[in-house]
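Read the structure below first, then the notes.
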Amino acid sequence: MYRLCSILINILLCASVSGGVLEVGQNKAHGTLKRAISQAHTGDTLLVYPGTYREGTIEVDKPLVIIGKDQPVLDGELTYGILRVLSDSVVIRGLTLKDVGISYVDDLAAIRLVKSKHCTIESNRLINAFFGIYLERSTDCIIRNNHVLGYSEHEMNSGNAIHLWYSSRNLIEGNHAEGHRDGIYLEFVDNSTVKNNLVENNLRYGLHFMFSDDDYYQGNTFVSNGAGVAVMFSKNIRMEDNDFLDNWGSSSYGLLLKDITDSEIRNNRFNKNTIGIYAEGALRINITGNDFIRNGWAINMLGSCNDNTVHSNNFLHNTFEVTTNSKRNHNNYDGNYWSDNTGSYDLDRDGVSDVPYRPVKLFSFMIANMESSTILMRSLLVDLINHAEKMAPVITPHNLMDHIPLMKQVEHD
Amino acid sequence: MRKFIKYSFVDLIQSYWTILYFVFFLVVTSTILYFSADMTKSIVSMMNIVLVLIPLVSIVFGAIYYYNSREFTELLLAQPVRRRSLILGQYSGLALSLSISFTAGITIPFILKGIFASEHLPDFLLILLAGIGLSFSMSAIAYATALKHENKILGFGISLFIWFFLAVLYDGLILILLILFKEYPTDSLAIVLTFLNPIDLSRVMIMLGLDIAALMGYTGALFLKFFGSFTGIAISVFSVLCWIAIPSFLMVRIANNKDF
């Protein structure tokens, strides 16, 4: 009964706020967006016709629906931030926003939401924006199917494609973010969902969590970023079905975990990253059902990580499978498939190798402790000592092993 | 001297062993290229073979060749020829024939695979250069050692030890040094030490061309920066030339003072 009432009230509310249509364009009723906004009433729709609008910063201070027809262009002339939303329930759809100014004092953005709720930003194209879409203390918003394209070259003077600050319960879905500092940046953002985005060629991170809890990201693709995803100082993050591809370079990661607790990393694919997962200060994380394919290091888990479980993953053709810098191991690596596990046999045919497997090679352990020893990579000596260490581990953590290594690859999609 | 080079070269290039060496590289390279779809991987495998086998074969073959042709050398020395030109001529013929069998052996399969159209051409050329440089320097070492020691077993033993030292022990020493000085920044030390060993130098140079270089982190980046510079290239070429020139010089000195 309560739900029925609330639906009814919603419908009534919608009916009451949906208003007229204001046309904006050169030969239309309103020549500029600013004038249209000042004359519009709550709930009106602004239909923006094709053209280029150079109006500096445009403030949207009432609940309006702004729809672009055939992608009209809002130009920031390399000086201004463009749309500044100060009201709840604003919809911005189908616009092209370009050339936002670069500022070292203000975070100028193509679309900036300030203390707004229930806004929708959809199907816009943002080209050469300093910050693309910027949410400041805004909740319950939807950012969907936008294409944010930047041309950043240096981390220092570039902004993020989609930036959320103190904004919770938002949905970021189906966006394409490229060429910025961070693709998607979340700081103090709780209970939000990041789904099916394509994030590529960003200078720093594809997706960056800072102090954000209880978030969920799924089905995203992170290609060729400085690091695919960085999760820092956060807890309860669920990461599922993402692709981390080609994050390759001398300081690149697929997934960077730093001081993160109680999270799930499930069914992701890590392909050709320098380091698949790099974990520092990670606690109680489940890494399950992932594929690590042809990475430099599949997992680099430092000594500060405790009580993590690595289970049912496929490790295929990585240069190094697992490495750590500590002699002690407080994590569980049981029940994975390791393609480098050549000495395995299964006499009782239970699908599990009869001998345990140690995924840490001596050399990778050495590199983790003393970086300049990389100069010996692929030397004959290194192969020899790796074999010797495998037979009788002295230096590598003796209890870091898979007690039940699988004989066949784990099947999952 | 040119005559001596020609005679040794013709003698060696027709020998059973040189042909075997050529066929070996032909077969191994073809197999590697045939079985791995990925060119980077084939280049890495080739690198491993080149870095281990070429020094070994050059050293063993150099020693064998000297000891086998010893009587003929004595006979020639009875003629009015200079020792310097005879010894250097024989050595050059040897090094040339080794390099040519190696070059032919790996180039033919790579050409058939279409290396000239591939982005890996520089890597391949680097392997080729490294192989040739190693053939020349290692056979020079073997020749000098064999000249020095009349006793075959001792000569062989020392040559093999030099190979073992450069291929394996040297890296061990680097490792020990790096561990000892762990508390200090050792990147430059590692780089300098690498330059002193032709096998290590070749290995690092080939690796930097491949995308495994990213795994080498900070040290790799430092190295790459150094190699990109003119000084880096000049120093590495100089280092390889030293490894050819110094044994050749010793070879001549030993031969001049030797009582045949």
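The chains in the structure tokens are called A, B, ... from first to last as shown; in each chain the residues are counted from 1, and the ligands are counted from 1 in the order shown.
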
Pull out every residue of chain B sitting within 7 Å of chain A, counting only C-alpha atoms, and send them as a PyMOL selection string. chain B and resi 167-168+171-172+175+178+182+186-187+190+214-217+219

Selected residues, N, CA and C atoms, written as a PDB file, in the first residue's frame, please.
ATOM      1  N   ALA B 167      79.605 -16.935 -18.890  1.00  0.00           N
ATOM      2  CA  ALA B 167      78.192 -17.245 -19.108  1.00  0.00           C
ATOM      3  C   ALA B 167      77.430 -17.395 -17.799  1.00  0.00           C
ATOM      4  N   VAL B 168      78.062 -17.927 -16.769  1.00  0.00           N
ATOM      5  CA  VAL B 168      77.319 -18.220 -15.538  1.00  0.00           C
ATOM      6  C   VAL B 168      77.911 -17.524 -14.307  1.00  0.00           C
ATOM      7  N   ASP B 171      77.611 -13.651 -13.718  1.00  0.00           N
ATOM      8  CA  ASP B 171      76.308 -13.190 -13.240  1.00  0.00           C
ATOM      9  C   ASP B 171      76.144 -13.448 -11.756  1.00  0.00           C
ATOM     10  N   GLY B 172      76.703 -14.583 -11.321  1.00  0.00           N
ATOM     11  CA  GLY B 172      76.665 -14.887  -9.902  1.00  0.00           C
ATOM     12  C   GLY B 172      77.398 -13.824  -9.104  1.00  0.00           C
ATOM     13  N   LEU B 175      75.391 -10.768  -8.873  1.00  0.00           N
ATOM     14  CA  LEU B 175      74.321 -10.968  -7.904  1.00  0.00           C
ATOM     15  C   LEU B 175      74.844 -10.793  -6.486  1.00  0.00           C
ATOM     16  N   LEU B 178      75.441  -7.215  -5.771  1.00  0.00           N
ATOM     17  CA  LEU B 178      74.186  -6.491  -5.569  1.00  0.00           C
ATOM     18  C   LEU B 178      73.609  -6.788  -4.192  1.00  0.00           C
ATOM     19  N   LYS B 182      73.175  -4.026  -1.047  1.00  0.00           N
ATOM     20  CA  LYS B 182      71.734  -3.879  -1.176  1.00  0.00           C
ATOM     21  C   LYS B 182      71.224  -2.542  -0.656  1.00  0.00           C
ATOM     22  N   THR B 186      72.277   0.544  -6.502  1.00  0.00           N
ATOM     23  CA  THR B 186      73.267  -0.252  -7.228  1.00  0.00           C
ATOM     24  C   THR B 186      73.023  -0.265  -8.733  1.00  0.00           C
ATOM     25  N   ASP B 187      72.110   0.576  -9.209  1.00  0.00           N
ATOM     26  CA  ASP B 187      71.766   0.502 -10.634  1.00  0.00           C
ATOM     27  C   ASP B 187      72.961   0.775 -11.534  1.00  0.00           C
ATOM     28  N   ALA B 190      75.381  -2.081 -11.551  1.00  0.00           N
ATOM     29  CA  ALA B 190      74.922  -3.190 -12.387  1.00  0.00           C
ATOM     30  C   ALA B 190      75.192  -2.884 -13.855  1.00  0.00           C
ATOM     31  N   ALA B 214      59.883  -3.707 -20.182  1.00  0.00           N
ATOM     32  CA  ALA B 214      59.022  -3.054 -19.193  1.00  0.00           C
ATOM     33  C   ALA B 214      59.129  -3.729 -17.835  1.00  0.00           C
ATOM     34  N   LEU B 215      59.458  -5.026 -17.845  1.00  0.00           N
ATOM     35  CA  LEU B 215      59.556  -5.739 -16.577  1.00  0.00           C
ATOM     36  C   LEU B 215      60.805  -5.324 -15.816  1.00  0.00           C
ATOM     37  N   MET B 216      61.712  -4.668 -16.496  1.00  0.00           N
ATOM     38  CA  MET B 216      62.982  -4.358 -15.853  1.00  0.00           C
ATOM     39  C   MET B 216      62.903  -3.102 -15.004  1.00  0.00           C
ATOM     40  N   GLY B 217      61.731  -2.504 -14.983  1.00  0.00           N
ATOM     41  CA  GLY B 217      61.481  -1.409 -14.050  1.00  0.00           C
ATOM     42  C   GLY B 217      62.458  -0.257 -14.188  1.00  0.00           C
ATOM     43  N   THR B 219      65.654   0.067 -13.318  1.00  0.00           N
ATOM     44  CA  THR B 219      66.962  -0.256 -13.884  1.00  0.00           C
ATOM     45  C   THR B 219      66.882  -0.303 -15.401  1.00  0.00           C
TER      46      THR B 219
END

Which polymer residues have any atom within 9 Å of an atom of stretch 251-258 of chain B, counting only C-alpha atoms, with same-chain residues fewer than 3 positions away left out, as number ranges by chain? B: 83-85, 87-88, 140-141, 143-145, 147-148, 246-248

Excluding B:Ile59 and any residue of its chain fewer than 4 positions from it, enumerate the residues within 8 Å of it, using only C-alpha atoms, and give them as an mmCIF file with C-alpha atoms, in the first residue's frame.
data_model
loop_
_atom_site.group_PDB
_atom_site.id
_atom_site.type_symbol
_atom_site.label_atom_id
_atom_site.label_comp_id
_atom_site.auth_asym_id
_atom_site.auth_seq_id
_atom_site.Cartn_x
_atom_site.Cartn_y
_atom_site.Cartn_z
ATOM 1 C CA PRO B 55 80.366 -18.645 -26.982
ATOM 2 C CA ALA B 63 90.804 -24.610 -29.319
ATOM 3 C CA MET B 138 85.230 -16.010 -27.971
ATOM 4 C CA SER B 139 87.299 -17.659 -30.690
ATOM 5 C CA ILE B 141 90.023 -16.022 -26.399
ATOM 6 C CA ALA B 142 90.212 -19.712 -27.277
ATOM 7 C CA SER B 159 88.969 -22.148 -22.398
ATOM 8 C CA LEU B 160 85.922 -23.918 -21.031
ATOM 9 C CA TRP B 163 83.197 -19.690 -21.070
#

Can you tell me, as a PDB file with C-alpha atoms, in the first residue's frame, what residues are no more than 7 Å from stretch 95-112 of chain B when counting only C-alpha atoms, ignoring any on the same chain fewer than 6 positions away?
ATOM      1  CA  PHE B   9      88.675 -19.876 -44.294  1.00  0.00           C
ATOM      2  CA  LEU B  12      87.217 -24.467 -42.473  1.00  0.00           C
ATOM      3  CA  ILE B  13      84.161 -23.597 -44.502  1.00  0.00           C
ATOM      4  CA  THR B  18      81.272 -25.940 -39.943  1.00  0.00           C
ATOM      5  CA  TYR B  21      77.129 -25.878 -37.217  1.00  0.00           C
ATOM      6  CA  PHE B  22      75.262 -24.231 -40.085  1.00  0.00           C
ATOM      7  CA  VAL B  23      72.737 -27.065 -40.297  1.00  0.00           C
ATOM      8  CA  PHE B  25      71.281 -23.262 -36.600  1.00  0.00           C
ATOM      9  CA  LEU B  26      69.129 -23.795 -39.655  1.00  0.00           C
ATOM     10  CA  THR B  29      65.796 -21.577 -35.939  1.00  0.00           C
ATOM     11  CA  SER B  30      63.277 -23.124 -38.297  1.00  0.00           C
ATOM     12  CA  LEU B 128      72.863 -11.258 -35.553  1.00  0.00           C
ATOM     13  CA  ILE B 132      78.947 -12.287 -34.756  1.00  0.00           C
ATOM     14  CA  SER B 135      81.953 -15.539 -32.343  1.00  0.00           C
ATOM     15  CA  PHE B 136      84.858 -13.206 -32.921  1.00  0.00           C
ATOM     16  CA  SER B 139      87.299 -17.659 -30.690  1.00  0.00           C
TER      17      SER B 139
END

Just the number, please: distance in Å from atom CA of A:Gln218 to atom CA of A:Ala161, one decimal.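 Computed distance, atom CA of A:Gln218 to atom CA of A:Ala161, equals 18.5 Å.
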
Can you tell me, as an MDAnalysis selection string, what residues are no more than 10 Å from stretch 402-411 of chain A when counting only C-alpha atoms, ignoring any on the same chain fewer than 2 positions away? chainID A and resid 289:291 310:316 332:339 341 344:346 349:359 399:400 413

Please, could you write that set of residues out with N, CA, C and O atoms as a short mmCIF file (atom, residue, chain, number, x, y, z; two decimals), in the first residue's frame?
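Ended up saving to part-v5.cif:
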data_model
loop_
_atom_site.label_atom_id
_atom_site.label_comp_id
_atom_site.auth_asym_id
_atom_site.auth_seq_id
_atom_site.Cartn_x
_atom_site.Cartn_y
_atom_site.Cartn_z
N GLY A 289 38.29 -16.88 -9.54
CA GLY A 289 37.76 -17.05 -10.89
C GLY A 289 38.30 -16.08 -11.92
O GLY A 289 37.67 -15.84 -12.94
N ASN A 290 39.46 -15.53 -11.70
CA ASN A 290 40.02 -14.60 -12.68
C ASN A 290 40.98 -15.32 -13.63
O ASN A 290 41.54 -16.36 -13.30
N ASP A 291 41.17 -14.73 -14.80
CA ASP A 291 42.19 -15.23 -15.72
C ASP A 291 43.35 -14.25 -15.76
O ASP A 291 43.14 -13.06 -16.03
N VAL A 310 43.37 -16.50 -2.79
CA VAL A 310 43.51 -16.56 -4.24
C VAL A 310 43.06 -17.96 -4.64
O VAL A 310 43.72 -18.93 -4.32
N HIS A 311 41.94 -18.04 -5.32
CA HIS A 311 41.31 -19.35 -5.46
C HIS A 311 40.64 -19.48 -6.83
O HIS A 311 40.05 -18.52 -7.33
N SER A 312 40.76 -20.66 -7.44
CA SER A 312 40.09 -20.94 -8.73
C SER A 312 40.44 -19.94 -9.83
O SER A 312 39.58 -19.60 -10.65
N ASN A 313 41.64 -19.48 -9.86
CA ASN A 313 42.05 -18.60 -10.95
C ASN A 313 42.88 -19.39 -11.96
O ASN A 313 43.47 -20.42 -11.62
N ASN A 314 42.95 -18.88 -13.18
CA ASN A 314 43.85 -19.45 -14.17
C ASN A 314 45.05 -18.54 -14.34
O ASN A 314 44.89 -17.36 -14.63
N PHE A 315 46.23 -19.08 -14.18
CA PHE A 315 47.45 -18.32 -14.43
C PHE A 315 48.08 -18.87 -15.69
O PHE A 315 48.59 -19.98 -15.69
N LEU A 316 48.01 -18.12 -16.78
CA LEU A 316 48.44 -18.67 -18.06
C LEU A 316 49.58 -17.85 -18.66
O LEU A 316 49.41 -16.67 -18.96
N ASN A 332 46.30 -17.17 1.27
CA ASN A 332 46.01 -18.52 0.84
C ASN A 332 45.95 -18.60 -0.69
O ASN A 332 45.20 -17.87 -1.32
N TYR A 333 46.74 -19.48 -1.26
CA TYR A 333 46.81 -19.59 -2.72
C TYR A 333 46.31 -20.95 -3.21
O TYR A 333 46.72 -21.41 -4.26
N ASP A 334 45.45 -21.61 -2.48
CA ASP A 334 45.08 -22.98 -2.84
C ASP A 334 44.07 -23.05 -3.98
O ASP A 334 43.18 -22.21 -4.08
N GLY A 335 44.24 -24.06 -4.80
CA GLY A 335 43.23 -24.41 -5.79
C GLY A 335 43.19 -23.54 -7.03
O GLY A 335 42.13 -23.14 -7.49
N ASN A 336 44.34 -23.22 -7.60
CA ASN A 336 44.38 -22.48 -8.85
C ASN A 336 45.00 -23.35 -9.94
O ASN A 336 45.64 -24.37 -9.67
N TYR A 337 44.86 -22.90 -11.18
CA TYR A 337 45.56 -23.56 -12.27
C TYR A 337 46.76 -22.72 -12.68
O TYR A 337 46.63 -21.53 -12.96
N TRP A 338 47.94 -23.33 -12.72
CA TRP A 338 49.17 -22.61 -13.05
C TRP A 338 49.77 -23.23 -14.29
O TRP A 338 50.14 -24.39 -14.29
N SER A 339 49.91 -22.47 -15.36
CA SER A 339 50.44 -23.07 -16.59
C SER A 339 51.93 -23.37 -16.47
O SER A 339 52.46 -24.19 -17.21
N ASN A 341 53.24 -24.87 -13.97
CA ASN A 341 53.38 -26.02 -13.09
C ASN A 341 53.64 -27.27 -13.91
O ASN A 341 52.75 -28.05 -14.19
N SER A 344 53.69 -31.40 -12.33
CA SER A 344 52.54 -31.93 -11.60
C SER A 344 52.11 -33.29 -12.16
O SER A 344 52.29 -33.57 -13.33
N TYR A 345 51.57 -34.11 -11.30
CA TYR A 345 50.96 -35.36 -11.76
C TYR A 345 49.80 -35.68 -10.84
O TYR A 345 49.72 -35.18 -9.73
N ASP A 346 48.91 -36.51 -11.34
CA ASP A 346 47.68 -36.77 -10.60
C ASP A 346 47.37 -38.26 -10.68
O ASP A 346 46.65 -38.71 -11.56
N ARG A 349 43.68 -39.32 -9.80
CA ARG A 349 42.70 -38.77 -10.74
C ARG A 349 41.57 -37.98 -10.07
O ARG A 349 40.40 -38.12 -10.40
N ASP A 350 41.94 -37.16 -9.11
CA ASP A 350 40.90 -36.32 -8.51
C ASP A 350 40.96 -34.90 -9.06
O ASP A 350 40.34 -33.98 -8.50
N GLY A 351 41.72 -34.69 -10.14
CA GLY A 351 41.76 -33.37 -10.76
C GLY A 351 42.69 -32.40 -10.08
O GLY A 351 42.81 -31.25 -10.49
N VAL A 352 43.34 -32.87 -9.04
CA VAL A 352 44.23 -32.01 -8.27
C VAL A 352 45.61 -32.64 -8.24
O VAL A 352 45.73 -33.85 -8.05
N SER A 353 46.63 -31.86 -8.46
CA SER A 353 47.97 -32.41 -8.50
C SER A 353 48.35 -33.01 -7.16
O SER A 353 47.99 -32.48 -6.11
N ASP A 354 49.11 -34.10 -7.20
CA ASP A 354 49.48 -34.77 -5.95
C ASP A 354 50.61 -34.06 -5.24
O ASP A 354 50.89 -34.34 -4.08
N VAL A 355 51.31 -33.18 -5.97
CA VAL A 355 52.37 -32.42 -5.30
C VAL A 355 51.99 -30.95 -5.25
O VAL A 355 51.42 -30.42 -6.19
N PRO A 356 52.27 -30.28 -4.15
CA PRO A 356 51.96 -28.85 -4.09
C PRO A 356 52.83 -28.06 -5.05
O PRO A 356 53.85 -28.57 -5.53
N TYR A 357 52.43 -26.84 -5.31
CA TYR A 357 53.17 -26.02 -6.28
C TYR A 357 53.54 -24.68 -5.66
O TYR A 357 52.74 -24.06 -4.97
N ARG A 358 54.76 -24.26 -5.92
CA ARG A 358 55.20 -22.95 -5.40
C ARG A 358 55.26 -21.95 -6.55
O ARG A 358 56.11 -22.05 -7.42
N PRO A 359 54.37 -21.00 -6.55
CA PRO A 359 54.33 -20.07 -7.69
C PRO A 359 55.38 -18.96 -7.63
O PRO A 359 55.56 -18.25 -8.60
N ASN A 399 56.03 -21.31 2.98
CA ASN A 399 54.63 -21.74 3.05
C ASN A 399 53.75 -21.07 2.00
O ASN A 399 52.54 -21.20 2.01
N LEU A 400 54.39 -20.30 1.07
CA LEU A 400 53.57 -19.76 -0.01
C LEU A 400 53.47 -20.82 -1.08
O LEU A 400 54.35 -20.95 -1.93
N ASP A 413 33.10 -18.22 -17.61
CA ASP A 413 33.06 -17.23 -18.68
C ASP A 413 33.14 -15.83 -18.11
O ASP A 413 32.68 -15.53 -17.08
#
